[in-house]
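A.B. asks: PDB, C-alpha atoms and all ligand atoms, file entry-v5.pdb:
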```
ATOM      1  CA  MET E   1    -113.505  13.384 -95.658
ATOM      2  CA  HIS E   2    -114.325  14.800 -92.255
ATOM      3  CA  ILE E   3    -111.782  16.980 -90.456
ATOM      4  CA  SER E   4    -112.116  18.233 -86.892
ATOM      5  CA  VAL E   5    -109.952  20.982 -85.499
ATOM      6  CA  ILE E   6    -109.574  21.522 -81.764
ATOM      7  CA  SER E   7    -108.782  25.181 -81.169
ATOM      8  CA  LEU E   8    -109.158  27.965 -78.619
ATOM      9  CA  PHE E   9    -109.616  30.354 -81.590
ATOM     10  CA  PRO E  10    -112.358  28.630 -83.602
ATOM     11  CA  GLU E  11    -113.266  31.786 -85.590
ATOM     12  CA  MET E  12    -109.704  31.947 -86.879
ATOM     13  CA  VAL E  13    -109.967  28.451 -88.343
ATOM     14  CA  PHE E  14    -113.573  28.974 -89.487
ATOM     15  CA  ASN E  15    -112.825  32.213 -91.327
ATOM     16  CA  ILE E  16    -109.780  30.915 -93.209
ATOM     17  CA  SER E  17    -111.709  27.770 -94.164
ATOM     18  CA  LYS E  18    -114.238  29.804 -96.185
ATOM     19  CA  TYR E  19    -111.719  30.822 -98.854
ATOM     20  CA  GLY E  20    -110.538  29.236-102.072
ATOM     21  CA  VAL E  21    -110.234  25.535-102.657
ATOM     22  CA  VAL E  22    -111.052  24.568 -99.042
ATOM     23  CA  GLY E  23    -114.193  26.749 -99.036
ATOM     24  CA  ARG E  24    -115.314  25.273-102.353
ATOM     25  CA  ALA E  25    -114.675  21.693-101.186
ATOM     26  CA  GLN E  26    -117.019  22.288 -98.224
ATOM     27  CA  LYS E  27    -119.731  23.884-100.363
ATOM     28  CA  ARG E  28    -119.618  20.856-102.621
ATOM     29  CA  GLU E  29    -119.671  18.530 -99.602
ATOM     30  CA  LEU E  30    -116.415  16.837-100.539
ATOM     31  CA  MET E  31    -115.095  17.744 -97.101
ATOM     32  CA  THR E  32    -116.755  18.624 -93.822
ATOM     33  CA  LEU E  33    -115.033  20.700 -91.173
ATOM     34  CA  GLU E  34    -115.949  20.795 -87.515
ATOM     35  CA  ILE E  35    -114.279  23.015 -84.968
ATOM     36  CA  GLU E  36    -114.345  22.191 -81.278
ATOM     37  CA  ASN E  37    -113.350  24.796 -78.706
ATOM     38  CA  PRO E  38    -111.984  23.306 -75.458
ATOM     39  CA  ARG E  39    -113.533  26.335 -73.714
ATOM     40  CA  ASP E  40    -116.998  25.007 -74.552
ATOM     41  CA  HIS E  41    -116.159  21.900 -72.545
ATOM     42  CA  VAL E  42    -115.445  23.432 -69.148
ATOM     43  CA  SER E  43    -117.983  24.252 -66.473
ATOM     44  CA  ASP E  44    -116.167  26.499 -63.971
ATOM     45  CA  ILE E  45    -117.337  30.141 -63.934
ATOM     46  CA  HIS E  46    -114.131  31.464 -65.498
ATOM     47  CA  ARG E  47    -114.164  28.769 -68.175
ATOM     48  CA  THR E  48    -110.479  28.176 -67.532
ATOM     49  CA  VAL E  49    -108.565  26.365 -70.273
ATOM     50  CA  ASP E  50    -105.002  27.182 -69.200
ATOM     51  CA  ASP E  51    -102.988  27.163 -65.996
ATOM     52  CA  ARG E  52     -99.480  27.890 -64.696
ATOM     53  CA  PRO E  53     -96.775  25.290 -65.307
ATOM     54  CA  TYR E  54     -95.710  23.044 -62.427
ATOM     55  CA  GLY E  55     -92.083  23.851 -61.625
ATOM     56  CA  GLY E  56     -92.609  27.489 -62.410
ATOM     57  CA  GLY E  57     -91.403  29.584 -65.303
ATOM     58  CA  PRO E  58     -93.046  31.817 -67.850
ATOM     59  CA  GLY E  59     -96.171  31.133 -69.872
ATOM     60  CA  MET E  60     -99.240  29.004 -69.434
ATOM     61  CA  VAL E  61    -100.115  25.403 -70.279
ATOM     62  CA  MET E  62    -103.345  24.138 -71.864
ATOM     63  CA  LYS E  63    -105.167  22.090 -69.232
ATOM     64  CA  TYR E  64    -105.732  18.370 -69.719
ATOM     65  CA  GLU E  65    -109.496  18.114 -69.091
ATOM     66  CA  PRO E  66    -110.817  20.755 -71.557
ATOM     67  CA  VAL E  67    -108.645  19.360 -74.367
ATOM     68  CA  ALA E  68    -109.623  15.772 -73.551
ATOM     69  CA  ALA E  69    -113.314  16.764 -73.475
ATOM     70  CA  ALA E  70    -113.069  18.586 -76.820
ATOM     71  CA  LEU E  71    -111.340  15.546 -78.360
ATOM     72  CA  LYS E  72    -114.075  13.284 -77.011
ATOM     73  CA  ALA E  73    -116.782  15.537 -78.507
ATOM     74  CA  ALA E  74    -114.969  15.488 -81.874
ATOM     75  CA  LYS E  75    -114.604  11.705 -81.770
ATOM     76  CA  ASP E  76    -118.289  11.197 -80.997
ATOM     77  CA  ASN E  77    -119.062  12.587 -84.467
ATOM     78  CA  LEU E  78    -116.429  10.507 -86.242
ATOM     79  CA  THR E  79    -115.540   7.054 -87.454
ATOM     80  CA  ILE E  80    -113.662   4.984 -84.899
ATOM     81  CA  GLY E  81    -109.889   4.834 -85.082
ATOM     82  CA  CYS E  82    -109.533   8.302 -86.571
ATOM     83  CA  PRO E  83    -106.059   9.618 -85.774
ATOM     84  CA  VAL E  84    -105.471  12.624 -83.539
ATOM     85  CA  VAL E  85    -102.639  14.803 -84.837
ATOM     86  CA  TYR E  86    -101.069  17.463 -82.627
ATOM     87  CA  LEU E  87     -99.439  20.323 -84.523
ATOM     88  CA  SER E  88     -96.168  21.047 -82.789
ATOM     89  CA  PRO E  89     -92.537  21.896 -83.527
ATOM     90  CA  LYS E  90     -91.606  18.521 -81.974
ATOM     91  CA  GLY E  91     -93.443  16.722 -84.776
ATOM     92  CA  ARG E  92     -92.189  15.203 -87.998
ATOM     93  CA  ILE E  93     -91.952  17.816 -90.743
ATOM     94  CA  PHE E  94     -95.092  17.880 -92.877
ATOM     95  CA  ASP E  95     -94.629  17.157 -96.579
ATOM     96  CA  GLN E  96     -96.584  16.059 -99.644
ATOM     97  CA  THR E  97     -95.996  12.359 -98.879
ATOM     98  CA  MET E  98     -97.532  12.776 -95.424
ATOM     99  CA  ALA E  99    -100.420  14.749 -96.954
ATOM    100  CA  LYS E 100    -101.147  11.864 -99.342
ATOM    101  CA  ARG E 101    -101.335   9.454 -96.391
ATOM    102  CA  PHE E 102    -103.774  11.710 -94.489
ATOM    103  CA  ALA E 103    -105.879  12.296 -97.617
ATOM    104  CA  LYS E 104    -106.681   8.559 -97.716
ATOM    105  CA  MET E 105    -108.252   8.643 -94.251
ATOM    106  CA  PRO E 106    -112.009   8.977 -93.810
ATOM    107  CA  SER E 107    -111.498  11.427 -90.968
ATOM    108  CA  LEU E 108    -108.825  13.274 -89.059
ATOM    109  CA  ILE E 109    -108.608  15.337 -85.868
ATOM    110  CA  LEU E 110    -106.094  18.190 -85.728
ATOM    111  CA  LEU E 111    -105.225  19.682 -82.360
ATOM    112  CA  ALA E 112    -103.865  23.233 -82.393
ATOM    113  CA  GLY E 113    -101.890  24.294 -79.330
ATOM    114  CA  ARG E 114    -101.659  27.747 -77.726
ATOM    115  CA  TYR E 115     -99.466  29.220 -74.986
ATOM    116  CA  GLU E 116     -96.546  26.864 -74.213
ATOM    117  CA  GLY E 117     -98.537  23.900 -75.492
ATOM    118  CA  ILE E 118    -100.595  21.131 -73.886
ATOM    119  CA  ASP E 119    -100.206  19.149 -70.645
ATOM    120  CA  GLU E 120     -97.698  16.387 -71.431
ATOM    121  CA  ARG E 121     -99.997  13.662 -70.102
ATOM    122  CA  LEU E 122    -102.306  14.117 -73.101
ATOM    123  CA  PHE E 123     -99.673  12.437 -75.281
ATOM    124  CA  GLU E 124     -99.977   9.100 -73.500
ATOM    125  CA  SER E 125    -103.661   8.553 -74.134
ATOM    126  CA  HIS E 126    -105.012  11.138 -76.556
ATOM    127  CA  ILE E 127    -102.499  11.864 -79.326
ATOM    128  CA  ASP E 128    -101.426   9.532 -82.128
ATOM    129  CA  GLU E 129     -98.983  11.670 -84.050
ATOM    130  CA  GLU E 130     -97.119  14.991 -83.899
ATOM    131  CA  VAL E 131     -96.660  17.011 -87.062
ATOM    132  CA  SER E 132     -94.696  20.224 -87.578
ATOM    133  CA  LEU E 133     -94.546  22.764 -90.382
ATOM    134  CA  GLY E 134     -90.902  23.545 -89.680
ATOM    135  CA  ASP E 135     -88.353  25.001 -87.336
ATOM    136  CA  PHE E 136     -89.668  28.355 -86.237
ATOM    137  CA  VAL E 137     -91.816  29.753 -83.444
ATOM    138  CA  LEU E 138     -95.572  30.237 -83.880
ATOM    139  CA  SER E 139     -98.058  31.614 -81.357
ATOM    140  CA  GLY E 140    -100.467  28.791 -82.038
ATOM    141  CA  GLY E 141    -101.110  25.691 -84.102
ATOM    142  CA  GLU E 142    -104.114  27.086 -86.026
ATOM    143  CA  ILE E 143    -102.180  28.360 -89.031
ATOM    144  CA  ALA E 144    -100.273  25.074 -89.166
ATOM    145  CA  ALA E 145    -103.582  23.167 -89.040
ATOM    146  CA  MET E 146    -104.934  25.269 -91.925
ATOM    147  CA  ALA E 147    -101.808  24.654 -93.992
ATOM    148  CA  VAL E 148    -102.205  20.901 -93.442
ATOM    149  CA  ILE E 149    -105.931  21.036 -94.300
ATOM    150  CA  ASP E 150    -105.306  23.045 -97.473
ATOM    151  CA  THR E 151    -102.734  20.517 -98.697
ATOM    152  CA  ILE E 152    -104.927  17.502 -97.881
ATOM    153  CA  VAL E 153    -108.113  18.932 -99.394
ATOM    154  CA  ARG E 154    -106.373  19.570-102.732
ATOM    155  CA  LEU E 155    -105.698  15.824-102.901
ATOM    156  CA  LEU E 156    -109.312  14.721-102.346
ATOM    157  CA  PRO E 157    -111.017  13.301-105.444
ATOM    158  CA  GLY E 158    -113.138  15.872-107.289
ATOM    159  CA  VAL E 159    -111.827  18.924-105.416
ATOM    160  CA  LEU E 160    -109.570  20.243-108.176
ATOM    161  CA  GLY E 161    -110.654  20.480-111.804
ATOM    162  CA  ASP E 162    -109.000  18.144-114.319
ATOM    163  CA  ASP E 163    -106.537  20.838-115.429
ATOM    164  CA  GLU E 164    -105.474  21.727-111.916
ATOM    165  CA  SER E 165    -105.136  18.054-110.962
ATOM    166  CA  ALA E 166    -102.959  17.314-113.977
ATOM    167  CA  ALA E 167    -100.725  20.292-113.181
ATOM    168  CA  GLN E 168    -100.493  19.162-109.559
ATOM    169  CA  ASP E 169     -99.590  15.600-110.614
ATOM    170  CA  SER E 170     -96.686  16.627-112.776
ATOM    171  CA  PHE E 171     -95.217  18.959-110.202
ATOM    172  CA  MET E 172     -95.642  16.632-107.350
ATOM    173  CA  GLY E 173     -93.071  14.608-109.220
ATOM    174  CA  GLY E 174     -90.840  16.129-106.544
ATOM    175  CA  LEU E 175     -89.600  19.074-108.611
ATOM    176  CA  LEU E 176     -90.070  22.816-108.341
ATOM    177  CA  ASP E 177     -92.451  24.525-110.728
ATOM    178  CA  PHE E 178     -91.332  26.159-114.004
ATOM    179  CA  PRO E 179     -91.463  29.984-114.405
ATOM    180  CA  HIS E 180     -94.805  31.579-115.281
ATOM    181  CA  TYR E 181     -95.501  34.639-117.445
ATOM    182  CA  THR E 182     -98.630  36.524-118.421
ATOM    183  CA  ARG E 183     -99.390  39.632-120.486
ATOM    184  CA  PRO E 184     -97.865  41.985-121.532
ATOM    185  CA  GLU E 185     -95.218  40.412-123.767
ATOM    186  CA  GLU E 186     -92.666  43.014-122.653
ATOM    187  CA  ILE E 187     -92.515  45.018-119.418
ATOM    188  CA  ASP E 188     -89.708  47.301-118.192
ATOM    189  CA  GLY E 189     -87.480  45.879-120.918
ATOM    190  CA  CYS E 190     -88.083  42.263-119.808
ATOM    191  CA  LYS E 191     -89.432  39.919-122.455
ATOM    192  CA  VAL E 192     -91.367  36.685-122.178
ATOM    193  CA  PRO E 193     -89.139  33.797-123.359
ATOM    194  CA  GLU E 194     -89.672  33.383-127.097
ATOM    195  CA  VAL E 195     -90.537  29.673-126.845
ATOM    196  CA  LEU E 196     -93.714  30.437-124.849
ATOM    197  CA  LEU E 197     -95.057  32.540-127.732
ATOM    198  CA  SER E 198     -94.184  29.949-130.374
ATOM    199  CA  GLY E 199     -97.365  27.873-130.075
ATOM    200  CA  ASP E 200     -95.151  24.767-130.351
ATOM    201  CA  HIS E 201     -96.579  22.682-127.487
ATOM    202  CA  ALA E 202     -93.880  20.006-127.576
ATOM    203  CA  ARG E 203     -91.115  22.613-127.432
ATOM    204  CA  ILE E 204     -92.911  24.461-124.610
ATOM    205  CA  ALA E 205     -93.320  21.247-122.581
ATOM    206  CA  LYS E 206     -89.619  20.467-123.006
ATOM    207  CA  TRP E 207     -88.603  24.007-122.017
ATOM    208  CA  ARG E 208     -90.783  23.867-118.907
ATOM    209  CA  GLN E 209     -89.387  20.497-117.866
ATOM    210  CA  LYS E 210     -85.867  21.841-118.365
ATOM    211  CA  GLN E 211     -86.613  24.947-116.265
ATOM    212  CA  ALA E 212     -88.191  22.823-113.529
ATOM    213  CA  LEU E 213     -85.100  20.622-113.397
ATOM    214  CA  GLY E 214     -82.729  23.610-113.544
ATOM    215  CA  ASN E 215     -84.661  25.505-110.841
ATOM    216  CA  SER E 216     -84.654  22.485-108.595
ATOM    217  CA  TYR E 217     -80.942  21.909-109.164
ATOM    218  CA  SER E 218     -79.937  25.486-108.367
ATOM    219  CA  LYS E 219     -82.460  26.386-105.656
ATOM    220  CA  ARG E 220     -83.345  23.059-103.995
ATOM    221  CA  PRO E 221     -80.622  20.474-104.672
ATOM    222  CA  ASP E 222     -82.062  18.430-101.781
ATOM    223  CA  LEU E 223     -85.187  17.804-103.885
ATOM    224  CA  LEU E 224     -83.174  16.529-106.849
ATOM    225  CA  GLU E 225     -81.084  14.225-104.679
ATOM    226  CA  LYS E 226     -84.240  12.332-103.712
ATOM    227  CA  LEU E 227     -85.131  11.711-107.375
ATOM    228  CA  ASP E 228     -83.872   9.255-109.912
ATOM    229  CA  LEU E 229     -83.715  11.264-113.146
ATOM    230  CA  ASP E 230     -84.333   9.353-116.360
ATOM    231  CA  ASP E 231     -81.980   9.824-119.355
ATOM    232  CA  GLU E 232     -84.155  12.503-120.951
ATOM    233  CA  GLN E 233     -84.340  14.507-117.725
ATOM    234  CA  GLN E 234     -80.571  14.203-117.218
ATOM    235  CA  THR E 235     -79.997  15.496-120.778
ATOM    236  CA  LEU E 236     -82.356  18.450-120.176
ATOM    237  CA  LEU E 237     -80.594  19.313-116.923
ATOM    238  CA  ASP E 238     -77.168  19.121-118.619
ATOM    239  CA  GLU E 239     -78.456  21.445-121.364
ATOM    240  CA  PHE E 240     -79.805  23.859-118.722
ATOM    241  CA  LEU E 241     -76.449  23.979-116.950
ATOM    242  CA  LYS E 242     -74.562  24.487-120.236
ATOM    243  CA  GLU E 243     -76.912  27.342-121.198
ATOM    244  CA  GLN E 244     -76.357  28.948-117.789
ATOM    245  CA  SER E 245     -72.576  29.095-118.053
TER     246      SER E 245
HETATM  247  C1  LIG C   1     -90.041  25.675 -79.038
HETATM  248  C2  LIG C   1     -93.714  25.839 -85.304
HETATM  249  C3  LIG C   1     -91.311  26.173 -79.152
HETATM  250  C4  LIG C   1     -94.450  26.057 -84.160
HETATM  251  C5  LIG C   1     -89.226  25.548 -80.162
HETATM  252  C6  LIG C   1     -94.131  24.990 -86.284
HETATM  253  C7  LIG C   1     -90.988  26.442 -81.513
HETATM  254  C8  LIG C   1     -97.196  23.680 -85.102
HETATM  255  C9  LIG C   1     -96.101  24.512 -84.949
HETATM  256  C10 LIG C   1     -91.775  26.546 -80.387
HETATM  257  C11 LIG C   1     -95.665  25.400 -83.961
HETATM  258  C12 LIG C   1     -89.710  25.937 -81.398
HETATM  259  C13 LIG C   1     -95.335  24.322 -86.081
HETATM  260  C14 LIG C   1     -93.147  27.086 -80.561
HETATM  261  C15 LIG C   1     -96.442  25.604 -82.692
HETATM  262  C16 LIG C   1     -97.668  25.340 -78.732
HETATM  263  C17 LIG C   1     -98.439  26.541 -79.178
HETATM  264  C18 LIG C   1     -96.515  25.196 -79.661
HETATM  265  C19 LIG C   1     -97.699  27.156 -80.333
HETATM  266  C20 LIG C   1     -96.341  26.516 -80.370
HETATM  267  C21 LIG C   1     -88.888  25.801 -82.613
HETATM  268  C22 LIG C   1     -95.388  27.437 -79.643
HETATM  269  N1  LIG C   1     -95.967  23.437 -86.882
HETATM  270  N2  LIG C   1     -95.858  26.327 -81.708
HETATM  271  N3  LIG C   1     -94.035  26.915 -79.560
HETATM  272  O1  LIG C   1     -93.453  27.621 -81.592
HETATM  273  O2  LIG C   1     -97.533  25.120 -82.535
HETATM  274  O3  LIG C   1     -97.063  23.051 -86.281
END
```
Please re-express this file's structure in structure tokens.
Ligand code: 4G1
C.D. replies:
Amino acid sequence: MHISVISLFPEMVFNISKYGVVGRAQKRELMTLEIENPRDHVSDIHRTVDDRPYGGGPGMVMKYEPVAAALKAAKDNLTIGCPVVYLSPKGRIFDQTMAKRFAKMPSLILLAGRYEGIDERLFESHIDEEVSLGDFVLSGGEIAAMAVIDTIVRLLPGVLGDDESAAQDSFMGGLLDFPHYTRPEEIDGCKVPEVLLSGDHARIAKWRQKQALGNSYSKRPDLLEKLDLDDEQQTLLDEFLKEQS
């Protein structure tokens, strides 16, 4: 997959992209990342990429031409029909389902805003979709773009090892994760649940499934509402709730 990011802070995107799973995916050529700076696509002496808003008021607006030129440069290196996604709080909230859809695409362009955002006229001709991470204020779309890239790259074939992929599959079943413990067996009077030391893999799997269901029920009931629990899961959840009270 090829991903292009349009950003006024290319080093920010570049540096984060070197770490972890995303860095490894690039080294192994499972994903290529290109970063286009709108500032490299202006010719005036000040290399102006922003300007004051018509109608007045605080803040600056990203100018149409530099963004359009950066998008054109990105598209020249890409397959035709590749969607342009603008990261913005007006967008649909990003989730794993959306990530799966993007991961199927051969290429993707992510546009990160700065200041008060981009000139509205870019939406008519240059942007296919708006995506948001959630309802809060950010200073720029770069961190949102990196979050989206990280999620997508983990879904690309061959990026995660078999173990990691299997773990991801089971917990993308729409539930929260189960609790994790590592050594020592006891710390500050807190013990690791006995079942995890038992070596009984069937019992451990059942316990983890029960914890995942219980966690989801108590901390994210909205996640459970979207699922259709089978009889075994319903029994495990009932047991969890009985054990709690
Ligand atoms: C009005 C949040 C403005 C923000 C209302 C989540 C936020 C991109 C995201 C803003 C951004 C609210 C995101 C705001 C984001 C242009 C440059 C937009 C940065 C910008 C609730 C600033 N997910 N925010 N405006 O944050 O890009 O993707």
A.B. asks: Spell out the residues picked by the PyMOL selection byres (((chain E and resi 143) around 10) and not hetatm) here, as a list in words.
C.D. replies: Met12, Val13, Ile16, Leu87, Ala112, Leu133, Leu138, Ser139, Gly140, Gly141, Glu142, Ala144, Ala145, Met146, Ala147, Val148 and Ile149 of chain E
A.B. asks: Written as a VMD selection string, what is the full residue list that the PyMOL selection byres (((not hetatm)) within 12 of (chain C and resi 1)) yields on the file shown?
C.D. replies: chain E and resid 7 to 8 50 59 to 62 85 to 95 110 to 120 129 to 148
A.B. asks: At a cut-off of 10 Å, using only C-alpha atoms, what residues contact Gln168 of chain E? Leave out same-chain residues fewer than 4 positions from it and give the result as a PyMOL selection string.
C.D. replies: chain E and resi 154-155+160+162-164+172-173+177
A.B. asks: Could you tell me how far atom CA of Asp40 of chain E lies from atom CA of Ile80 of chain E, in Å and to one decimal?
C.D. replies: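 Atom-to-atom, atom CA of Asp40 of chain E and atom CA of Ile80 of chain E are spaced 22.8 Å apart.
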A.B. asks: Which is closest to Thr79 of chain E among E:Leu30, E:Ile45, E:Ala25, E:Met105, if we use all atoms listed in the file?
C.D. replies: E:Met105
A.B. asks: Tell me, as number ranges by chain, which residues lie within 12 Å of Ser125 of chain E, counting only C-alpha atoms; anything in the same chain fewer than 4 positions away does not count.
C.D. replies: E: 64, 67-68, 71-72, 83-84, 119-121, 129
A.B. asks: Using C-alpha atoms, can you write the selected residues to a file as an mmCIF file, keeping the file's coordinate frame?
C.D. replies:
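Writing the result to result-v5.cif gives the following:
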```cif
data_model
loop_
_atom_site.group_PDB
_atom_site.id
_atom_site.type_symbol
_atom_site.label_atom_id
_atom_site.label_comp_id
_atom_site.auth_asym_id
_atom_site.auth_seq_id
_atom_site.Cartn_x
_atom_site.Cartn_y
_atom_site.Cartn_z
ATOM 1 C CA TYR E 64 -105.732 18.370 -69.719
ATOM 2 C CA VAL E 67 -108.645 19.360 -74.367
ATOM 3 C CA ALA E 68 -109.623 15.772 -73.551
ATOM 4 C CA LEU E 71 -111.340 15.546 -78.360
ATOM 5 C CA LYS E 72 -114.075 13.284 -77.011
ATOM 6 C CA PRO E 83 -106.059 9.618 -85.774
ATOM 7 C CA VAL E 84 -105.471 12.624 -83.539
ATOM 8 C CA ASP E 119 -100.206 19.149 -70.645
ATOM 9 C CA GLU E 120 -97.698 16.387 -71.431
ATOM 10 C CA ARG E 121 -99.997 13.662 -70.102
ATOM 11 C CA GLU E 129 -98.983 11.670 -84.050
#
```
A.B. asks: What are the nearest atom pairs, with distances in Å to one decimal, for all residues of segment 160-181 of chain E that come at most 10 Å from segment 219-239 of chain E, using only C-alpha atoms, set out by chain and rising residue number as JSON lines?
C.D. replies:
```
{"residue": "E:Gly173", "atom": "CA", "partner": "E:Leu227", "partner_atom": "CA", "distance": 8.7}
{"residue": "E:Gly174", "atom": "CA", "partner": "E:Leu223", "partner_atom": "CA", "distance": 6.5}
{"residue": "E:Leu175", "atom": "CA", "partner": "E:Leu223", "partner_atom": "CA", "distance": 6.6}
{"residue": "E:Leu176", "atom": "CA", "partner": "E:Arg220", "partner_atom": "CA", "distance": 8.0}
```
A.B. asks: What does the distance from atom CA of Ile35 of chain E to atom CA of Lys18 of chain E come to in Å, to one decimal?
C.D. replies: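 For atom CA of Ile35 of chain E relative to atom CA of Lys18 of chain E, the distance reads 13.1 Å.
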A.B. asks: Kindly give the distance, in Å, that separates atom CA of Arg208 of chain E and atom CA of Cys190 of chain E, rounded to a single decimal.
C.D. replies: 18.6 Å
A.B. asks: Considering all atoms listed in the file, state which residue in the set E:Pro106, E:Gly55, E:Gly189, E:Gly161 is at the smallest distance from Ile3 of chain E.
C.D. replies: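 Comparing E:Pro106, E:Gly55, E:Gly189, E:Gly161 against Ile3 of chain E, the winner is E:Pro106.
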A.B. asks: Tell me, as a PyMOL selection string, which residues lie within 10 Å of Lys104 of chain E, counting only C-alpha atoms; anything in the same chain fewer than 6 positions away does not count.
C.D. replies: chain E and resi 1+152+155-156
A.B. asks: Around the point (-112.9, 15.4, -73.8) in the file's coordinates, collect all residues with an atom within 12 Å, using all atoms listed in the file, and return them as a list of chain:residue names.
C.D. replies: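 Checked against the point, the hits come out as E:Ile6, E:Glu36, E:Asn37, E:Pro38, E:Arg39, E:Asp40, E:His41, E:Val42, E:Lys63, E:Tyr64, E:Glu65, E:Pro66, E:Val67, E:Ala68, E:Ala69, E:Ala70, E:Leu71, E:Lys72, E:Ala73, E:Ala74, E:Lys75, E:Asp76, E:Leu122, E:Ser125, E:His126.
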A.B. asks: Using all atoms listed in the file, what residues lie at most 10 Å away from (-100.0, 34.9, -120.1) (file coordinates), given as an MDAnalysis selection string?
C.D. replies: chainID E and resid 180:185 192 196:197
A.B. asks: Could you check which of E:Arg28, E:Tyr19, E:Val195, E:Tyr217 is closest to Gly158 of chain E, using all atoms listed in the file?
C.D. replies: E:Arg28
A.B. asks: Considering only C-alpha atoms, can you say which of E:Ala103, E:Phe9, E:Glu194, E:Glu34 comes closest to Val159 of chain E?
C.D. replies: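 The answer is E:Ala103, which sits nearest to Val159 of chain E.
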A.B. asks: Missing atoms in segment 159-164 of chain E should be modelled up to all heavy atoms and reported as a PDB file, in the frame of the given file.
C.D. replies:
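Written out: rebuild-v5.pdb:
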```pdb
ATOM      1  N   VAL E 159    -111.992  17.564-105.943  1.00  0.00           N
ATOM      2  CA  VAL E 159    -111.827  18.924-105.416  1.00  0.00           C
ATOM      3  C   VAL E 159    -111.232  19.857-106.473  1.00  0.00           C
ATOM      4  O   VAL E 159    -111.741  20.945-106.708  1.00  0.00           O
ATOM      5  CB  VAL E 159    -110.982  18.929-104.123  1.00  0.00           C
ATOM      6  CG1 VAL E 159    -110.540  20.336-103.761  1.00  0.00           C
ATOM      7  CG2 VAL E 159    -111.784  18.311-102.971  1.00  0.00           C
ATOM      8  N   LEU E 160    -110.163  19.418-107.115  1.00  0.00           N
ATOM      9  CA  LEU E 160    -109.570  20.243-108.176  1.00  0.00           C
ATOM     10  C   LEU E 160    -110.175  19.842-109.516  1.00  0.00           C
ATOM     11  O   LEU E 160    -110.574  18.690-109.714  1.00  0.00           O
ATOM     12  CB  LEU E 160    -108.053  20.044-108.221  1.00  0.00           C
ATOM     13  CG  LEU E 160    -107.260  20.481-106.985  1.00  0.00           C
ATOM     14  CD1 LEU E 160    -105.771  20.356-107.241  1.00  0.00           C
ATOM     15  CD2 LEU E 160    -107.600  21.902-106.565  1.00  0.00           C
ATOM     16  N   GLY E 161    -110.242  20.801-110.438  1.00  0.00           N
ATOM     17  CA  GLY E 161    -110.654  20.480-111.804  1.00  0.00           C
ATOM     18  C   GLY E 161    -109.597  19.612-112.466  1.00  0.00           C
ATOM     19  O   GLY E 161    -108.492  19.469-111.948  1.00  0.00           O
ATOM     20  N   ASP E 162    -109.937  19.034-113.623  1.00  0.00           N
ATOM     21  CA  ASP E 162    -109.000  18.144-114.319  1.00  0.00           C
ATOM     22  C   ASP E 162    -107.672  18.839-114.614  1.00  0.00           C
ATOM     23  O   ASP E 162    -106.604  18.258-114.441  1.00  0.00           O
ATOM     24  CB  ASP E 162    -109.612  17.648-115.638  1.00  0.00           C
ATOM     25  CG  ASP E 162    -110.729  16.638-115.370  1.00  0.00           C
ATOM     26  OD1 ASP E 162    -110.823  16.168-114.213  1.00  0.00           O
ATOM     27  OD2 ASP E 162    -111.487  16.350-116.299  1.00  0.00           O
ATOM     28  N   ASP E 163    -107.749  20.091-115.072  1.00  0.00           N
ATOM     29  CA  ASP E 163    -106.537  20.838-115.429  1.00  0.00           C
ATOM     30  C   ASP E 163    -105.634  21.029-114.217  1.00  0.00           C
ATOM     31  O   ASP E 163    -104.439  20.776-114.265  1.00  0.00           O
ATOM     32  CB  ASP E 163    -106.886  22.213-115.987  1.00  0.00           C
ATOM     33  CG  ASP E 163    -107.497  22.100-117.377  1.00  0.00           C
ATOM     34  OD1 ASP E 163    -107.666  20.952-117.854  1.00  0.00           O
ATOM     35  OD2 ASP E 163    -107.802  23.145-117.955  1.00  0.00           O
ATOM     36  N   GLU E 164    -106.256  21.484-113.129  1.00  0.00           N
ATOM     37  CA  GLU E 164    -105.474  21.727-111.916  1.00  0.00           C
ATOM     38  C   GLU E 164    -104.852  20.432-111.391  1.00  0.00           C
ATOM     39  O   GLU E 164    -103.710  20.418-110.947  1.00  0.00           O
ATOM     40  CB  GLU E 164    -106.361  22.313-110.815  1.00  0.00           C
ATOM     41  CG  GLU E 164    -106.904  23.683-111.095  1.00  0.00           C
ATOM     42  CD  GLU E 164    -108.006  24.068-110.112  1.00  0.00           C
ATOM     43  OE1 GLU E 164    -109.027  23.357-110.046  1.00  0.00           O
ATOM     44  OE2 GLU E 164    -107.828  25.061-109.414  1.00  0.00           O
TER      45      GLU E 164
END
```
